[in-house]
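Next up, final_19.cif (mmCIF, C-alpha atoms):
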data_start
loop_
_atom_site.group_PDB
_atom_site.id
_atom_site.type_symbol
_atom_site.label_atom_id
_atom_site.label_comp_id
_atom_site.auth_asym_id
_atom_site.auth_seq_id
_atom_site.Cartn_x
_atom_site.Cartn_y
_atom_site.Cartn_z
ATOM 1 C CA MET A 1200 -37.568 8.273 20.398
ATOM 2 C CA GLN A 1201 -36.693 6.359 17.222
ATOM 3 C CA PRO A 1202 -33.721 3.975 17.624
ATOM 4 C CA ARG A 1203 -30.681 4.925 15.552
ATOM 5 C CA ARG A 1204 -30.379 2.954 12.315
ATOM 6 C CA PRO A 1205 -27.054 1.122 11.866
ATOM 7 C CA HIS A 1206 -24.802 2.450 9.116
ATOM 8 C CA ARG A 1207 -25.387 0.040 6.207
ATOM 9 C CA ILE A 1208 -22.231 -1.137 4.446
ATOM 10 C CA VAL A 1209 -22.733 -3.189 1.304
ATOM 11 C CA VAL A 1210 -19.688 -5.172 0.237
ATOM 12 C CA ILE A 1211 -19.575 -6.170 -3.424
ATOM 13 C CA ALA A 1212 -17.749 -9.460 -3.940
ATOM 14 C CA PRO A 1213 -16.402 -9.881 -7.478
ATOM 15 C CA SER A 1214 -15.495 -13.360 -8.664
ATOM 16 C CA PRO A 1215 -12.909 -14.610 -7.923
ATOM 17 C CA VAL A 1216 -12.928 -12.694 -4.666
ATOM 18 C CA SER A 1217 -10.152 -12.416 -2.085
ATOM 19 C CA MET A 1218 -11.376 -14.174 1.057
ATOM 20 C CA PHE A 1219 -9.169 -11.941 3.195
ATOM 21 C CA ASN A 1220 -10.637 -8.803 1.631
ATOM 22 C CA LEU A 1221 -14.129 -10.163 2.194
ATOM 23 C CA ALA A 1222 -13.445 -11.024 5.840
ATOM 24 C CA ILE A 1223 -12.101 -7.597 6.851
ATOM 25 C CA PRO A 1224 -15.411 -5.640 6.844
ATOM 26 C CA GLU A 1225 -17.248 -8.300 8.839
ATOM 27 C CA MET A 1226 -14.349 -8.667 11.271
ATOM 28 C CA LEU A 1227 -14.228 -4.941 12.064
ATOM 29 C CA PHE A 1228 -17.575 -3.269 11.387
ATOM 30 C CA GLU A 1229 -19.616 -5.996 13.116
ATOM 31 C CA LYS A 1230 -17.668 -5.328 16.340
ATOM 32 C CA VAL A 1231 -18.810 -1.708 16.602
ATOM 33 C CA GLU A 1232 -21.411 -1.052 19.290
ATOM 34 C CA ILE A 1233 -22.789 2.400 20.028
ATOM 35 C CA ASP A 1234 -24.833 2.732 23.217
ATOM 36 C CA GLY A 1235 -25.308 -1.042 23.232
ATOM 37 C CA ALA A 1236 -26.629 -1.182 19.668
ATOM 38 C CA PRO A 1237 -24.852 -2.270 16.467
ATOM 39 C CA GLY A 1238 -23.069 0.573 14.726
ATOM 40 C CA TYR A 1239 -23.102 -1.120 11.343
ATOM 41 C CA GLU A 1240 -25.029 -3.567 9.247
ATOM 42 C CA VAL A 1241 -22.733 -5.414 6.826
ATOM 43 C CA VAL A 1242 -24.233 -7.035 3.741
ATOM 44 C CA VAL A 1243 -22.358 -8.955 1.049
ATOM 45 C CA CYS A 1244 -23.618 -9.114 -2.516
ATOM 46 C CA THR A 1245 -22.384 -10.048 -5.976
ATOM 47 C CA PRO A 1246 -23.476 -9.332 -9.561
ATOM 48 C CA GLU A 1247 -24.611 -12.934 -10.084
ATOM 49 C CA PRO A 1248 -26.141 -14.326 -6.851
ATOM 50 C CA GLY A 1249 -25.220 -17.875 -5.976
ATOM 51 C CA PRO A 1250 -21.871 -19.636 -5.724
ATOM 52 C CA ILE A 1251 -18.798 -17.502 -6.429
ATOM 53 C CA VAL A 1252 -15.190 -18.622 -6.600
ATOM 54 C CA THR A 1253 -12.501 -17.264 -4.282
ATOM 55 C CA SER A 1254 -8.958 -16.469 -5.355
ATOM 56 C CA GLY A 1255 -7.897 -19.556 -3.408
ATOM 57 C CA GLY A 1256 -10.152 -21.861 -5.408
ATOM 58 C CA LEU A 1257 -12.896 -22.302 -2.809
ATOM 59 C CA THR A 1258 -16.575 -21.596 -3.457
ATOM 60 C CA LEU A 1259 -18.752 -19.242 -1.413
ATOM 61 C CA GLU A 1260 -22.527 -18.928 -1.539
ATOM 62 C CA VAL A 1261 -23.618 -15.294 -1.883
ATOM 63 C CA PRO A 1262 -27.416 -15.139 -2.130
ATOM 64 C CA LEU A 1263 -27.806 -11.382 -2.656
ATOM 65 C CA GLY A 1264 -27.421 -9.493 -5.923
ATOM 66 C CA LEU A 1265 -26.701 -5.834 -6.554
ATOM 67 C CA GLU A 1266 -30.210 -4.885 -5.473
ATOM 68 C CA ALA A 1267 -28.713 -5.060 -1.964
ATOM 69 C CA LEU A 1268 -27.219 -1.607 -2.613
ATOM 70 C CA GLU A 1269 -30.644 -0.096 -2.015
ATOM 71 C CA GLY A 1270 -30.507 1.670 1.316
ATOM 72 C CA ALA A 1271 -26.707 1.492 1.531
ATOM 73 C CA ASP A 1272 -24.666 4.212 3.208
ATOM 74 C CA THR A 1273 -21.293 2.909 2.069
ATOM 75 C CA VAL A 1274 -20.401 0.667 -0.860
ATOM 76 C CA LEU A 1275 -17.156 -1.281 -0.493
ATOM 77 C CA ILE A 1276 -15.543 -3.207 -3.375
ATOM 78 C CA ALA A 1277 -13.428 -6.208 -2.381
ATOM 79 C CA GLY A 1278 -10.368 -7.218 -4.373
ATOM 80 C CA THR A 1279 -10.491 -9.721 -7.201
ATOM 81 C CA GLY A 1280 -8.096 -11.643 -9.389
ATOM 82 C CA HIS A 1281 -9.759 -10.205 -12.527
ATOM 83 C CA ARG A 1282 -8.880 -6.584 -11.895
ATOM 84 C CA TYR A 1283 -8.844 -5.605 -15.590
ATOM 85 C CA LEU A 1284 -12.284 -6.978 -16.480
ATOM 86 C CA PRO A 1285 -14.707 -5.643 -13.881
ATOM 87 C CA ASP A 1286 -18.273 -6.797 -14.345
ATOM 88 C CA PRO A 1287 -20.188 -4.035 -16.185
ATOM 89 C CA ARG A 1288 -23.116 -4.515 -13.815
ATOM 90 C CA THR A 1289 -20.870 -3.756 -10.852
ATOM 91 C CA VAL A 1290 -19.376 -0.750 -12.616
ATOM 92 C CA ASP A 1291 -22.843 0.669 -13.348
ATOM 93 C CA ALA A 1292 -24.081 0.014 -9.817
ATOM 94 C CA VAL A 1293 -21.065 1.679 -8.219
ATOM 95 C CA ARG A 1294 -21.337 4.670 -10.538
ATOM 96 C CA GLU A 1295 -25.020 5.078 -9.649
ATOM 97 C CA ALA A 1296 -24.236 4.790 -5.935
ATOM 98 C CA ALA A 1297 -21.699 7.594 -6.275
ATOM 99 C CA ILE A 1298 -24.234 9.764 -8.106
ATOM 100 C CA GLN A 1299 -26.580 9.247 -5.156
ATOM 101 C CA GLY A 1300 -23.873 10.610 -2.870
ATOM 102 C CA LEU A 1301 -22.947 7.362 -1.119
ATOM 103 C CA ARG A 1302 -19.486 6.799 0.278
ATOM 104 C CA ILE A 1303 -17.527 4.507 -2.045
ATOM 105 C CA ALA A 1304 -14.472 2.495 -0.975
ATOM 106 C CA SER A 1305 -12.256 -0.258 -2.300
ATOM 107 C CA ILE A 1306 -9.709 -2.689 -0.937
ATOM 108 C CA CYS A 1307 -6.693 -3.766 -2.994
ATOM 109 C CA SER A 1308 -7.544 -4.337 -6.683
ATOM 110 C CA GLY A 1309 -11.117 -3.188 -6.091
ATOM 111 C CA ALA A 1310 -9.746 0.207 -7.138
ATOM 112 C CA PHE A 1311 -9.888 -0.976 -10.750
ATOM 113 C CA VAL A 1312 -13.690 -1.168 -10.508
ATOM 114 C CA LEU A 1313 -13.852 2.415 -9.225
ATOM 115 C CA ALA A 1314 -11.496 3.551 -11.962
ATOM 116 C CA GLU A 1315 -13.556 1.790 -14.644
ATOM 117 C CA ALA A 1316 -16.635 3.586 -13.313
ATOM 118 C CA GLY A 1317 -14.857 6.928 -13.735
ATOM 119 C CA LEU A 1318 -14.997 7.664 -10.020
ATOM 120 C CA LEU A 1319 -11.243 8.153 -9.689
ATOM 121 C CA ASP A 1320 -10.727 10.541 -12.601
ATOM 122 C CA GLY A 1321 -8.848 13.548 -11.268
ATOM 123 C CA ARG A 1322 -8.687 12.014 -7.790
ATOM 124 C CA SER A 1323 -5.866 10.606 -5.712
ATOM 125 C CA ALA A 1324 -6.112 6.841 -5.224
ATOM 126 C CA THR A 1325 -4.059 3.807 -4.361
ATOM 127 C CA THR A 1326 -4.040 0.042 -4.759
ATOM 128 C CA TYR A 1327 -1.741 -2.840 -3.880
ATOM 129 C CA TRP A 1328 1.821 -1.758 -4.614
ATOM 130 C CA GLN A 1329 2.411 -4.463 -7.237
ATOM 131 C CA LEU A 1330 -0.568 -3.148 -9.236
ATOM 132 C CA THR A 1331 0.098 0.595 -9.156
ATOM 133 C CA GLN A 1332 1.885 0.728 -12.496
ATOM 134 C CA GLU A 1333 -0.920 -1.183 -14.209
ATOM 135 C CA LEU A 1334 -3.479 1.169 -12.671
ATOM 136 C CA ARG A 1335 -1.544 4.223 -13.925
ATOM 137 C CA LEU A 1336 -1.207 2.850 -17.439
ATOM 138 C CA ARG A 1337 -4.829 1.787 -17.783
ATOM 139 C CA TYR A 1338 -6.333 4.914 -16.205
ATOM 140 C CA PRO A 1339 -4.019 7.888 -16.831
ATOM 141 C CA ALA A 1340 -6.548 10.409 -15.435
ATOM 142 C CA LEU A 1341 -5.833 9.092 -11.911
ATOM 143 C CA ASP A 1342 -3.296 10.463 -9.457
ATOM 144 C CA VAL A 1343 -2.031 7.087 -8.255
ATOM 145 C CA GLN A 1344 -0.309 7.193 -4.863
ATOM 146 C CA GLY A 1345 1.820 4.094 -5.120
ATOM 147 C CA ASP A 1346 3.307 3.859 -1.641
ATOM 148 C CA VAL A 1347 0.606 4.693 0.898
ATOM 149 C CA LEU A 1348 -1.804 2.554 2.915
ATOM 150 C CA TYR A 1349 -5.042 4.267 1.947
ATOM 151 C CA VAL A 1350 -6.330 7.482 0.396
ATOM 152 C CA GLN A 1351 -9.517 9.436 0.970
ATOM 153 C CA ASP A 1352 -10.415 11.922 -1.750
ATOM 154 C CA GLY A 1353 -13.850 13.330 -1.078
ATOM 155 C CA GLN A 1354 -16.489 10.596 -0.907
ATOM 156 C CA VAL A 1355 -14.134 8.012 -2.459
ATOM 157 C CA MET A 1356 -11.648 5.907 -0.493
ATOM 158 C CA THR A 1357 -9.111 3.384 -1.768
ATOM 159 C CA SER A 1358 -6.667 1.176 0.090
ATOM 160 C CA SER A 1359 -3.662 -0.865 -0.860
ATOM 161 C CA GLY A 1360 -3.580 -4.603 -0.303
ATOM 162 C CA TYR A 1361 -3.950 -7.043 2.556
ATOM 163 C CA ALA A 1362 -3.750 -5.418 6.026
ATOM 164 C CA ALA A 1363 -4.148 -1.905 4.600
ATOM 165 C CA GLY A 1364 -7.818 -2.812 4.182
ATOM 166 C CA ILE A 1365 -7.967 -3.046 7.964
ATOM 167 C CA ASP A 1366 -6.503 0.446 8.257
ATOM 168 C CA LEU A 1367 -9.074 1.798 5.815
ATOM 169 C CA CYS A 1368 -11.984 0.240 7.718
ATOM 170 C CA LEU A 1369 -10.695 1.588 11.036
ATOM 171 C CA HIS A 1370 -10.427 5.003 9.389
ATOM 172 C CA MET A 1371 -14.088 4.781 8.385
ATOM 173 C CA ILE A 1372 -15.071 3.783 11.918
ATOM 174 C CA ARG A 1373 -13.145 6.768 13.322
ATOM 175 C CA THR A 1374 -14.858 9.027 10.801
ATOM 176 C CA ASP A 1375 -18.339 7.689 11.621
ATOM 177 C CA TYR A 1376 -18.161 7.152 15.383
ATOM 178 C CA GLY A 1377 -14.923 8.659 16.686
ATOM 179 C CA ALA A 1378 -11.510 7.493 17.810
ATOM 180 C CA ALA A 1379 -12.726 5.693 20.937
ATOM 181 C CA ALA A 1380 -14.956 3.361 18.897
ATOM 182 C CA ALA A 1381 -12.163 2.647 16.422
ATOM 183 C CA ASN A 1382 -9.653 1.984 19.196
ATOM 184 C CA THR A 1383 -12.038 -0.449 20.889
ATOM 185 C CA VAL A 1384 -12.466 -2.403 17.654
ATOM 186 C CA ALA A 1385 -8.713 -2.380 17.047
ATOM 187 C CA ARG A 1386 -8.099 -3.868 20.496
ATOM 188 C CA LEU A 1387 -10.705 -6.580 19.897
ATOM 189 C CA ALA A 1388 -9.130 -7.407 16.539
ATOM 190 C CA LEU A 1389 -5.573 -7.228 17.958
ATOM 191 C CA VAL A 1390 -4.397 -4.697 15.394
ATOM 192 C CA ALA A 1391 -2.776 -1.262 15.608
ATOM 193 C CA PRO A 1392 -5.470 1.361 16.241
ATOM 194 C CA VAL A 1393 -4.016 4.098 14.036
ATOM 195 C CA ARG A 1394 -1.783 3.841 10.991
ATOM 196 C CA PRO A 1395 -2.112 7.074 8.995
ATOM 197 C CA GLY A 1396 -3.134 6.638 5.385
ATOM 198 C CA GLY A 1397 0.021 8.391 4.207
ATOM 199 C CA GLN A 1398 2.222 5.811 5.886
ATOM 200 C CA THR A 1399 4.085 3.765 3.313
ATOM 201 C CA GLN A 1400 3.276 0.181 2.394
ATOM 202 C CA PHE A 1401 6.711 -0.973 3.673
ATOM 203 C CA THR A 1402 7.599 -2.843 0.520
ATOM 204 C CA GLN A 1403 11.062 -3.694 -0.622
ATOM 205 C CA THR A 1404 11.465 -0.755 -2.987
ATOM 206 C CA PRO A 1405 12.280 -2.285 -6.364
ATOM 207 C CA LEU A 1406 14.861 -0.935 -8.766
ATOM 208 C CA PRO A 1407 14.243 -0.940 -12.501
ATOM 209 C CA PRO A 1408 15.463 -4.204 -14.070
ATOM 210 C CA GLU A 1409 19.120 -4.071 -15.057
ATOM 211 C CA ARG A 1410 19.661 -4.035 -18.813
ATOM 212 C CA GLY A 1411 23.375 -4.683 -19.145
ATOM 213 C CA ILE A 1412 26.521 -5.875 -17.400
ATOM 214 C CA ALA A 1413 29.154 -3.272 -18.296
ATOM 215 C CA CYS A 1414 28.828 -1.682 -14.838
ATOM 216 C CA ALA A 1415 28.003 -4.882 -12.956
ATOM 217 C CA ASP A 1416 31.478 -5.213 -11.403
ATOM 218 C CA THR A 1417 31.383 -1.602 -10.253
ATOM 219 C CA ARG A 1418 27.914 -2.030 -8.758
ATOM 220 C CA GLY A 1419 29.127 -5.106 -6.863
ATOM 221 C CA TRP A 1420 32.215 -3.242 -5.674
ATOM 222 C CA ALA A 1421 30.107 -0.308 -4.496
ATOM 223 C CA MET A 1422 27.808 -2.657 -2.564
ATOM 224 C CA ARG A 1423 30.848 -3.949 -0.665
ATOM 225 C CA HIS A 1424 31.962 -0.394 0.139
ATOM 226 C CA LEU A 1425 28.715 1.328 1.088
ATOM 227 C CA ASP A 1426 30.258 2.429 4.389
ATOM 228 C CA GLU A 1427 32.804 4.561 2.499
ATOM 229 C CA PRO A 1428 32.177 8.090 1.128
ATOM 230 C CA LEU A 1429 32.000 7.018 -2.497
ATOM 231 C CA THR A 1430 31.929 9.682 -5.197
ATOM 232 C CA LEU A 1431 31.217 9.643 -8.909
ATOM 233 C CA SER A 1432 34.959 9.823 -9.492
ATOM 234 C CA ASP A 1433 35.506 6.765 -7.274
ATOM 235 C CA LEU A 1434 32.947 4.767 -9.249
ATOM 236 C CA ALA A 1435 34.320 5.934 -12.594
ATOM 237 C CA ARG A 1436 37.870 5.111 -11.523
ATOM 238 C CA HIS A 1437 36.834 1.575 -10.563
ATOM 239 C CA ALA A 1438 35.032 1.134 -13.890
ATOM 240 C CA GLY A 1439 38.041 2.516 -15.790
ATOM 241 C CA VAL A 1440 35.981 5.113 -17.649
ATOM 242 C CA SER A 1441 35.243 8.825 -17.487
ATOM 243 C CA VAL A 1442 32.499 10.165 -15.217
ATOM 244 C CA ARG A 1443 30.428 11.049 -18.284
ATOM 245 C CA THR A 1444 30.756 7.551 -19.745
ATOM 246 C CA LEU A 1445 29.989 5.921 -16.393
ATOM 247 C CA THR A 1446 26.854 8.039 -15.947
ATOM 248 C CA ARG A 1447 25.628 7.223 -19.453
ATOM 249 C CA ARG A 1448 26.267 3.477 -19.076
ATOM 250 C CA PHE A 1449 24.895 3.359 -15.550
ATOM 251 C CA HIS A 1450 21.652 5.033 -16.553
ATOM 252 C CA ALA A 1451 21.275 2.776 -19.594
ATOM 253 C CA GLU A 1452 21.711 -0.342 -17.445
ATOM 254 C CA SER A 1453 19.939 0.573 -14.199
ATOM 255 C CA GLY A 1454 17.478 3.293 -15.187
ATOM 256 C CA MET A 1455 18.973 5.838 -12.777
ATOM 257 C CA SER A 1456 22.111 7.840 -12.163
ATOM 258 C CA PRO A 1457 25.013 6.295 -10.211
ATOM 259 C CA LEU A 1458 24.340 8.504 -7.177
ATOM 260 C CA GLN A 1459 20.598 7.771 -7.198
ATOM 261 C CA TRP A 1460 21.378 4.053 -7.309
ATOM 262 C CA LEU A 1461 23.933 4.436 -4.528
ATOM 263 C CA LEU A 1462 21.496 6.294 -2.260
ATOM 264 C CA HIS A 1463 18.841 3.637 -2.857
ATOM 265 C CA GLN A 1464 21.283 0.898 -1.805
ATOM 266 C CA ARG A 1465 22.377 2.835 1.281
ATOM 267 C CA ILE A 1466 18.771 3.242 2.473
ATOM 268 C CA GLU A 1467 17.992 -0.426 1.849
ATOM 269 C CA ARG A 1468 21.128 -1.377 3.829
ATOM 270 C CA ALA A 1469 20.030 0.946 6.643
ATOM 271 C CA LYS A 1470 16.612 -0.745 6.768
ATOM 272 C CA GLU A 1471 18.290 -4.148 6.890
ATOM 273 C CA LEU A 1472 20.520 -3.067 9.794
ATOM 274 C CA LEU A 1473 17.551 -1.600 11.653
ATOM 275 C CA GLU A 1474 15.677 -4.883 11.239
ATOM 276 C CA THR A 1475 18.538 -7.248 12.118
ATOM 277 C CA THR A 1476 20.794 -5.442 14.633
ATOM 278 C CA THR A 1477 20.655 -3.318 17.772
ATOM 279 C CA LEU A 1478 23.364 -0.945 16.560
ATOM 280 C CA PRO A 1479 22.950 2.667 17.732
ATOM 281 C CA MET A 1480 21.625 5.020 15.067
ATOM 282 C CA ASP A 1481 24.928 6.774 14.466
ATOM 283 C CA GLN A 1482 26.606 3.405 13.828
ATOM 284 C CA VAL A 1483 23.835 2.359 11.444
ATOM 285 C CA ALA A 1484 24.311 5.641 9.592
ATOM 286 C CA ARG A 1485 28.060 5.122 9.259
ATOM 287 C CA ALA A 1486 27.742 1.451 8.275
ATOM 288 C CA CYS A 1487 25.471 2.229 5.333
ATOM 289 C CA GLY A 1488 27.279 5.394 4.264
ATOM 290 C CA LEU A 1489 24.605 7.908 5.246
ATOM 291 C CA GLY A 1490 27.048 9.645 7.568
ATOM 292 C CA THR A 1491 25.104 10.882 10.569
ATOM 293 C CA ALA A 1492 22.069 9.899 12.597
ATOM 294 C CA ASP A 1493 20.311 13.048 11.359
ATOM 295 C CA SER A 1494 20.928 12.059 7.737
ATOM 296 C CA LEU A 1495 19.745 8.518 8.487
ATOM 297 C CA ARG A 1496 16.547 9.868 10.017
ATOM 298 C CA GLN A 1497 15.870 12.170 7.079
ATOM 299 C CA HIS A 1498 16.216 9.427 4.470
ATOM 300 C CA VAL A 1499 14.371 6.694 6.400
ATOM 301 C CA VAL A 1500 11.447 9.004 7.147
ATOM 302 C CA ARG A 1501 11.279 10.026 3.489
ATOM 303 C CA ARG A 1502 11.306 6.391 2.338
ATOM 304 C CA THR A 1503 9.092 4.762 4.982
ATOM 305 C CA GLY A 1504 7.183 7.502 6.796
ATOM 306 C CA LEU A 1505 8.687 6.313 10.109
ATOM 307 C CA THR A 1506 11.673 7.412 12.134
ATOM 308 C CA PRO A 1507 14.527 4.872 12.295
ATOM 309 C CA SER A 1508 13.649 3.943 15.882
ATOM 310 C CA ALA A 1509 9.967 3.479 14.991
ATOM 311 C CA TYR A 1510 10.908 1.430 11.935
ATOM 312 C CA ARG A 1511 13.135 -0.801 14.085
ATOM 313 C CA SER A 1512 10.420 -1.204 16.711
ATOM 314 C CA GLN A 1513 7.893 -2.296 14.099
ATOM 315 C CA PHE A 1514 10.063 -4.473 11.853
ATOM 316 C CA SER A 1515 12.852 -5.901 13.995
ATOM 317 C CA ARG A 1516 13.531 -9.533 13.180
ATOM 318 C CA LEU A 1517 15.371 -10.116 16.455
ATOM 319 C CA ALA A 1518 13.822 -12.343 19.099
ATOM 320 C CA PRO A 1519 12.610 -10.417 22.165
ATOM 321 C CA ALA A 1520 15.197 -10.351 24.957
#

Transcribe the structure of this file into structure tokens.
Amino acid sequence: MQPRRPHRIVVIAPSPVSMFNLAIPEMLFEKVEIDGAPGYEVVVCTPEPGPIVTSGGLTLEVPLGLEALEGADTVLIAGTGHRYLPDPRTVDAVREAAIQGLRIASICSGAFVLAEAGLLDGRSATTYWQLTQELRLRYPALDVQGDVLYVQDGQVMTSSGYAAGIDLCLHMIRTDYGAAAANTVARLALVAPVRPGGQTQFTQTPLPPERGIACADTRGWAMRHLDEPLTLSDLARHAGVSVRTLTRRFHAESGMSPLQWLLHQRIERAKELLETTTLPMDQVARACGLGTADSLRQHVVRRTGLTPSAYRSQFSRLAPA
């Protein structure tokens, strides 16, 4: 009986490459054993074999070129600091690998290589949250999912930045060898075994930059009174203008309506209270102006993908008792 061949994963390292991105595949895939034999063979290559620079300024020796893709089962693109200028040789090689039916994946800004190769046109994809707008603008044919950990759309997979690359690799292990193999690797690597791809990236959700100060005093006042049932009329009365004028000025300065802005601030305050206090959920809801524990749950789940209690468990900044 012929021994099973390990699944061959070829990691393409652009220059400058993220050392963390490059370490993830080796750290996880090399730990997979199936019936006492390696589940994967991990190979690293680069368009120009030899020394390549890392994003931290160090130099790595990568002896293999893109010919290493021959015999690959999966091609994985690591992130790079030069996301807008992918090497044409890499783009061509990745496009050819996709034509051959190989599984194609990227970590962090590696998604820009896949997009340049045309592999993401009409597909859902993601990248590191700080780069999503740039990805949308440069490649409008993509459906960019800006606040998820990873996306699989057919044979193509993309992940956001940093630890989301771990989640993507564990997802591939589950797909190839089942949940038990992925859970074993997760325990060895001391990471969570399952974080669904649709889970959010848990970033501090940014507001558009403010473009004026006419409503600044009212915004500050509202921040100090988030626990009160503020209405448009309350905000307009504080600003000394009509509701229509307030709405027009508020949108011009903040990029959103007064009530949209207010809801955003209430949810951010709720997250802060979940991270820094042990208040019961109904008290958190009242303190941030969301009213009830049910309303708190609805908004936190919509924003983060986790229930308030799960969010607190994962992100509490309090020292263990």

Region 1359-1395 of chain A near region 1324-1328 of chain A within 9 Å: what's each residue's closest atom pair and its distance in Å to one decimal, counting all atoms listed in the file, ordered by chain then ascending residue number, as CSV?
residue,atom,partner,partner_atom,distance
A:Ser1359,CA,A:Thr1326,CA,4.0
A:Gly1360,CA,A:Tyr1327,CA,4.4
A:Tyr1361,CA,A:Tyr1327,CA,8.0
A:Ala1363,CA,A:Tyr1327,CA,8.9

Determine, using all atoms listed in the file, which residues of region 1227-1335 of chain A have any atom at most 10 Å from an atom of region 1381-1390 of chain A, and tabulate each with its shortest atom pair and distance in Å to one decimal place, rows ordered by chain and then rising number, as a Markdown table.
| residue | atom | partner | partner_atom | distance |
| --- | --- | --- | --- | --- |
| A:Leu1227 | CA | A:Val1384 | CA | 6.4 |
| A:Phe1228 | CA | A:Val1384 | CA | 8.1 |
| A:Glu1229 | CA | A:Val1384 | CA | 9.2 |
| A:Lys1230 | CA | A:Val1384 | CA | 6.1 |
| A:Val1231 | CA | A:Val1384 | CA | 6.5 |
| A:Glu1232 | CA | A:Val1384 | CA | 9.2 |

For the file shown, what are the residues hit by the PyMOL selection byres ((chain A and resi 1486) around 9), laid out as a PyMOL selection string?
-> chain A and resi 1425-1427+1465+1468-1469+1472+1481-1485+1487-1490

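When all atoms listed in the file are used to measure the gap to Asp1272 (chain A), the shortest distance among A:Val1293, A:Leu1313, A:Ile1208, A:Val1243 belongs to A:Ile1208.
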
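For the pair CA of Ala1277 (chain A) and CA of Arg1337 (chain A), the separation is 19.4 Å.
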
Which one of A:Ser1494, A:Leu1319, A:Ala1212, A:Arg1302 sits closest to Thr1374 (chain A) if you count all atoms listed in the file?
-> A:Arg1302

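The coordinates place CA of Ala1316 (chain A) at 5.2 Å from CA of Val1290 (chain A).
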
Return the single residue from A:Leu1462, A:Gln1332, A:Phe1514, A:Ile1306 that is closest to Leu1495 (chain A), with distances computed using all atoms listed in the file.
-> A:Leu1462
